[in-house]
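Asks: One structure is given below, represented as structure tokens, and several questions about it will come after.
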Amino acid sequence: ILHNNAGGSTLNDGPVTDAPIEEFWRCIKLDLFGTFLCSKYGIPEIARSGGGSVINMASNVALMALPGRDCYTAAKGGVASMTRSMAAEYAADKIRVNAIAPSTTLSDRVKKLLEASPEIKAVSETHLLGLGLP
């Protein structure tokens, strides 16, 4: 099993017109390129062992809008798309590739983000059962 679990957003994220270019590349490198790189070197080992599973951490924002977090949503959208492509590519090698797309988990980092961003706090309050707990 390969579990690609790195990711995250910062207060520097924002709309395309406001977010620093460095923040965009930080998100892409951490979320999307990190998943790519670990898979690039992990999948051959999984194939040599006769098959297995790759689990990528996407996010619910890969499938929905999250105002003020364009860098993060782009990166997680890329993870979701790459997961679909990888699933088709490596099925013949008996390698399952799936993504988990959780919603927000109310960690200490997320609490700070909610305090600093009214837009994200408003979106978080629309969850039917509330935010996930660590």
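If you're wondering about the labels, chains in the structure tokens are A, B, ... by order shown, residues count from 1 in each chain, ligands from 1 in order shown.
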Excluding same-chain residues fewer than 2 positions from range 47-50 of chain A, what lies within 10 Å of it counting only C-alpha atoms, as a list of chain:residue names?
Replies: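 The contact residues come out as A:Gly42, A:Ile43, A:Pro44, A:Glu45, A:Gly52, A:Ser53, A:Tyr90, A:Ala92, A:Asp93, A:Lys94, A:Ile95.
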Asks: Enumerate, as a count of residues only, the complete set of residues in chain A that a backbone-based DSSP assignment places in strand (DSSP E).
Replies: 15
